[in-house]
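Here the structure is laid out as structure tokens; the discussion comes afterwards.
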Amino acid sequence: MESLEIYKDLFYQSLRIRLVEEKIIELYPSDLIQSPVHLSIGQEAVAVGVCANLNLDDWVFINYRGHAFYLAKGGPLPEFFAELMGKKNGQSKGKAGSMHLASPKQGIMGASAVVSSTISHAVGAALISKIKRENRIFVTNFGDGALEQGAFHECLNFASLHKVPILFLCEDNNLAVHSHKKERQSFTLEKLVGSYGIPFHEIEEGYDFVKVQKLSKISIDEVRNTKKPVFLKIKTSRYKEHVGPGEDFSAGYRDKNDINKWKKLDPLLQDKKLYESFLGKINNEIENAVKFGLESPLPDREDLLSDV
Amino acid sequence: MSKTYKAALLEAMQEAMDNNPRSLIIGQGVTDFKGIFDTVKGFVDRYPDRVIETPLSEDSIAGICIGAALNGAYPINTHIRADFGLLIFNQLINLAAKYKYMFGGLFEIPCMYRMVIGRSWGQGAQHSQSLQSLMAHIPGLVVVMPADPKSIIESYRYSIQKYKGPVVMLEHRLLYELNFENDETKLSHPIFGSKLEIEGTDITIIATSVMVLEAKRAANHLKKNGISVELINLHSISHPDKKIICKSVEKTGKMLVIDTSWPAYGVCAEMNRIINEYKPSILKVPSNSMGMVSTPCPTAKALEEMYYPDVHDICKEVIKMVKKDGSEINLPKKISMTDFYKHFKGPF
Ligand SMILES: Cc1ncc(C[n+]2csc(CCOP(=O)(O)OP(=O)(O)O)c2C)c(N)n1
Ligand SMILES: [Mg+2]
């Protein structure tokens, strides 16, 4: 019974993220959102499963594909839509948009659109946490493409050397824009991470939020208990184009069958009954949030010049 | 009471550690026996948690400083050569400079990046550069070039204790060993201001860092020969005091800008922009700028001497601009600046 409750709860949260992004797709042609969006559709279970094990004061450092983590960690939805619409009541007064989501109250630190550039921020925050003898952990979330950046390797080295409480969380959708991992990487991740003395874990079933929650808990508990870095890679699948609201299977760089296999396992698509039972409530929340965004005033000249 | 430039840096760092328990000194060599040219020497024994030696990973260390600042620390990140600071430009420009604005004021990143301009004794193309204008160009960064001990004490204290954003301090290696007499001149603001060093009537010289000293030597020589120089120490490269600058040039009608770097798109260009946008008619003769020759820095001493302007070259330019009729003025002897500031004894 308890596990059914967990399933339902995580299902609800994942579905909420998916429906929010589907709302973005619906709104996009109207030009209400005039900036790039990197959708997490297909990848929701990673954020939901991991964040289920995080406390409010644990910090996550995310990137431009950040809707799912922002929502899963508790970022407010009305301010999210206002932010995407470039409105004054957005979390960051419209200066951030989709690519730079943040909400420090819930421990969602700034998202950067430069690949791999917030990993070191998580390491630095964790370092101070250790010096201050705090009891919380830090999560840096990045894609498989970020693994190729020098800064990532520098961070593994420093985090391990200084034994800081951080979870390196790789969301592996096998793609960086349109290029596959095998076109880009010559190293074996597990060995690489291992060579820094950092424990490596992997979750294959990135579509299964319950499994992600259960298995990521092991990694997260390990960070909490050892107060040292741990690496967790979660396999996942990006259903949409790299950036934008559409699909891009016709471009020919990837096989639609791979995604279809994944979709067959995706509870949000398979469990129609539960889907239907949550739909009304979630849509209601989304409509209200969109309304909040629509009604928010535009930022003004004072906003343009402030916060430098 | 006199004090060396590096003694002032040591004092500023000491004050940072004692008066601001959040201060963290982090960089390559901060725990070694040289201690960033003696400015943090021995600190690790006294503050073992707060002085952090780093791997050779400039990029991530700069980012680690941002994360540390987010979690309440005041990181002071050292680079013994500004040239190595180029490796932190992603974090400095894309992240630190924008963190407050990009997130609409949700975060602040109080931190300091100390970078040493290595110009001295044969440092060549990659150990000598003055990169202030690259950084001062970026909104969200404060870039300061303190030219004397008093400016160091005031600007470091203000940055560390009061200011809530990233500050880049460009320290000049040639100045480190020099002894300065205590003087009465004042910065108009510790990090958003400049300083009127010498009052005069014939020409305004605006100078940065070590060139303030060289300009002072020139002003002394010229004074003996009847030319009255007004000298402004620019100090804050990103936020110079436009009032002091415009008022002075309006008074003298002549502007010579002397920077430690290349004139194009830099401090020299910016000073001209300020005057042109204020009132171009105040210039009675065309403005003039001096800086490094527009080539990379050569290592050979013979070439290095031609590469940087010095007191001799400054006097020559001033005389050309002021053109006091009839009187012949002797130029000071051309001696190498690194020889003159002989206190510098290499090799680094
Ligand atoms: C430093 C940098 N290089 C290139 C880009 C362009 N770019 C944006 S997203 C992306 C792919 C990143 O792939 P990955 O890390 O796997 O994340 P994903 O988009 O798959 O979530 C690239 C190359 C960038 N934003 N930053
Ligand atoms: Mg990817």
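In the structure tokens, the first chain shown is A, the next is B, and so on; residue numbers restart at 1 for each chain, and ligands run from 1 in the order shown.
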Which neighbours of range 53-66 of chain A fall inside 9 Å, counting only C-alpha atoms, when residues of the same chain fewer than 4 positions from it are skipped, and could you give them as a ChimeraX atom specification?
-> /A:37-40,49,70-71,73-74,98-102,104-119,121-122,125,136-143,213-214,216-217,220-221,243
Please identify every residue of chain B that has at least one atom no farther than 10 Å from an atom of chain A, counting only C-alpha atoms, and for each give the shortest atom pair and the distance in Å to one decimal, arranged by chain then increasing number, as a tab-separated table.
```
residue	atom	partner	partner_atom	distance
B:Arg22	CA	A:Ile128	CA	9.6
B:Leu24	CA	A:Ile128	CA	9.5
B:Asp49	CA	A:Ile131	CA	6.7
B:Arg50	CA	A:Ile131	CA	8.3
B:Ile52	CA	A:His162	CA	9.9
B:Thr54	CA	A:Phe158	CA	8.0
B:Pro55	CA	A:Phe158	CA	7.3
B:Leu56	CA	A:Glu154	CA	8.6
B:Ser57	CA	A:Glu154	CA	6.0
B:Glu58	CA	A:Glu154	CA	9.0
B:Asp59	CA	A:Ala151	CA	6.3
B:Ser60	CA	A:Ser120	CA	5.3
B:Ile61	CA	A:Ser120	CA	7.2
B:Ala62	CA	A:Ser120	CA	8.0
B:Gly63	CA	A:Ser120	CA	4.9
B:Ile64	CA	A:Gly124	CA	3.8
B:Cys65	CA	A:Gly124	CA	5.9
B:Ile66	CA	A:His121	CA	5.7
B:Gly67	CA	A:His121	CA	3.8
B:Ala68	CA	A:Gly124	CA	4.5
B:Ala69	CA	A:Ala125	CA	7.5
B:Leu70	CA	A:Ala125	CA	6.5
B:Asn71	CA	A:Ala125	CA	5.3
B:Gly72	CA	A:Ile128	CA	7.8
B:Ala73	CA	A:Ile128	CA	7.0
B:Pro75	CA	A:Gly124	CA	9.9
B:Asn90	CA	A:Ser117	CA	8.1
B:Gln91	CA	A:Ser117	CA	7.3
B:Asn94	CA	A:Val114	CA	7.9
B:Leu95	CA	A:Ser112	CA	7.8
B:Ala97	CA	A:Val308	CA	8.1
B:Lys98	CA	A:Val308	CA	7.4
B:Tyr99	CA	A:Gly110	CA	7.6
B:Lys100	CA	A:Asp307	CA	5.8
B:Tyr101	CA	A:Asp307	CA	4.8
B:Met102	CA	A:Ala96	CA	5.3
B:Phe103	CA	A:Ser92	CA	4.9
B:Gly104	CA	A:Ser92	CA	4.0
B:Gly105	CA	A:Asp307	CA	5.2
B:Leu106	CA	A:Ser92	CA	7.0
B:Phe107	CA	A:Pro104	CA	8.1
B:Glu108	CA	A:Asp307	CA	9.1
B:Pro139	CA	A:Val308	CA	6.9
B:Gly140	CA	A:Val308	CA	5.2
B:Leu141	CA	A:Val308	CA	8.8
B:Gly165	CA	A:Val308	CA	8.9
```
Could you report the residues within 12 Å of ligand 2, using only C-alpha atoms and all ligand atoms, as a count of residues only?
-> 41
Give me, please, the distance in Å between CA of Trp121 in chain B and CA of Lys334 in chain B, quoted to one decimal.
-> 16.7 Å
Distance of atom 11 (C, counted along the ligand's line) of ligand 1 from CA of Gly252 in chain A, expressed in Å to one decimal place =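 Computed distance, CA of Gly252 in chain A to atom 11 (C, counted along the ligand's line) of ligand 1, equals 17.7 Å.
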Quick one: of A:Lys261, A:Lys240, A:Lys273, A:Lys163, who's nearest to ligand 1, counting only C-alpha atoms and all ligand atoms?
->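 Selected residue with least distance to ligand 1: A:Lys240.
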Can you pull out every residue within 6 Å of Leu167 in chain A, counting only C-alpha atoms, but drop anything in the same chain fewer than 6 positions away, and send it as a ChimeraX atom specification?
-> /A:139,229-231
Would you please give, as a ChimeraX atom specification, all residues of range 87-251 of chain A that DSSP assigns to strand (DSSP E) based on the backbone?
-> /A:108-112,138-143,166-172,175-176,179-180,200-203,230-235
Would you list the contacts of Gln34 in chain A as an NGL selection string, taking every protein, DNA or RNA residue within 12 Å and counting only C-alpha atoms, but skipping same-chain residues closer than 2 positions in sequence?
-> :A and (24 or 27-32 or 36-37 or 82-87 or 94 or 96-99 or 244)
Distance CA of Tyr253 in chain A-CA of Ser186 in chain A, one decimal place?
->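 Answer for the CA of Tyr253 in chain A to CA of Ser186 in chain A separation: 20.2 Å.
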Dump as a Markdown table the rows for residues of range 170-278 of chain B within 12 Å of range 31-37 of chain B: closest atom pair and distance in Å with one decimal, only C-alpha atoms counted, ordered by chain and rising residue number.
```
| residue | atom | partner | partner_atom | distance |
| --- | --- | --- | --- | --- |
| B:Glu171 | CA | B:Phe37 | CA | 11.3 |
| B:His172 | CA | B:Phe37 | CA | 11.6 |
| B:Arg173 | CA | B:Phe37 | CA | 9.2 |
| B:Leu174 | CA | B:Phe37 | CA | 11.8 |
| B:Leu175 | CA | B:Phe37 | CA | 11.7 |
| B:Tyr176 | CA | B:Phe37 | CA | 8.2 |
| B:Glu177 | CA | B:Phe37 | CA | 9.6 |
```
Identify all residues of range 80-251 of chain B in helix (DSSP H, G or I) (DSSP on the backbone) and supply them as JSON, numbers by chain.
-> {"B": [82, 83, 84, 85, 86, 87, 88, 89, 90, 91, 92, 93, 94, 95, 96, 99, 100, 101, 102, 132, 133, 134, 135, 136, 149, 150, 151, 152, 153, 154, 155, 156, 157, 158, 159, 160, 161, 173, 174, 175, 210, 211, 212, 213, 214, 215, 216, 217, 218, 219, 220, 221, 222, 223, 224, 242, 243, 244, 245, 246, 247, 248, 249, 250, 251]}
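Using only C-alpha atoms and all ligand atoms, the shortest contact distance between ligand 1 and any of A:Ile218, A:Leu169, A:Leu269, A:Ile203 is found at A:Leu169.
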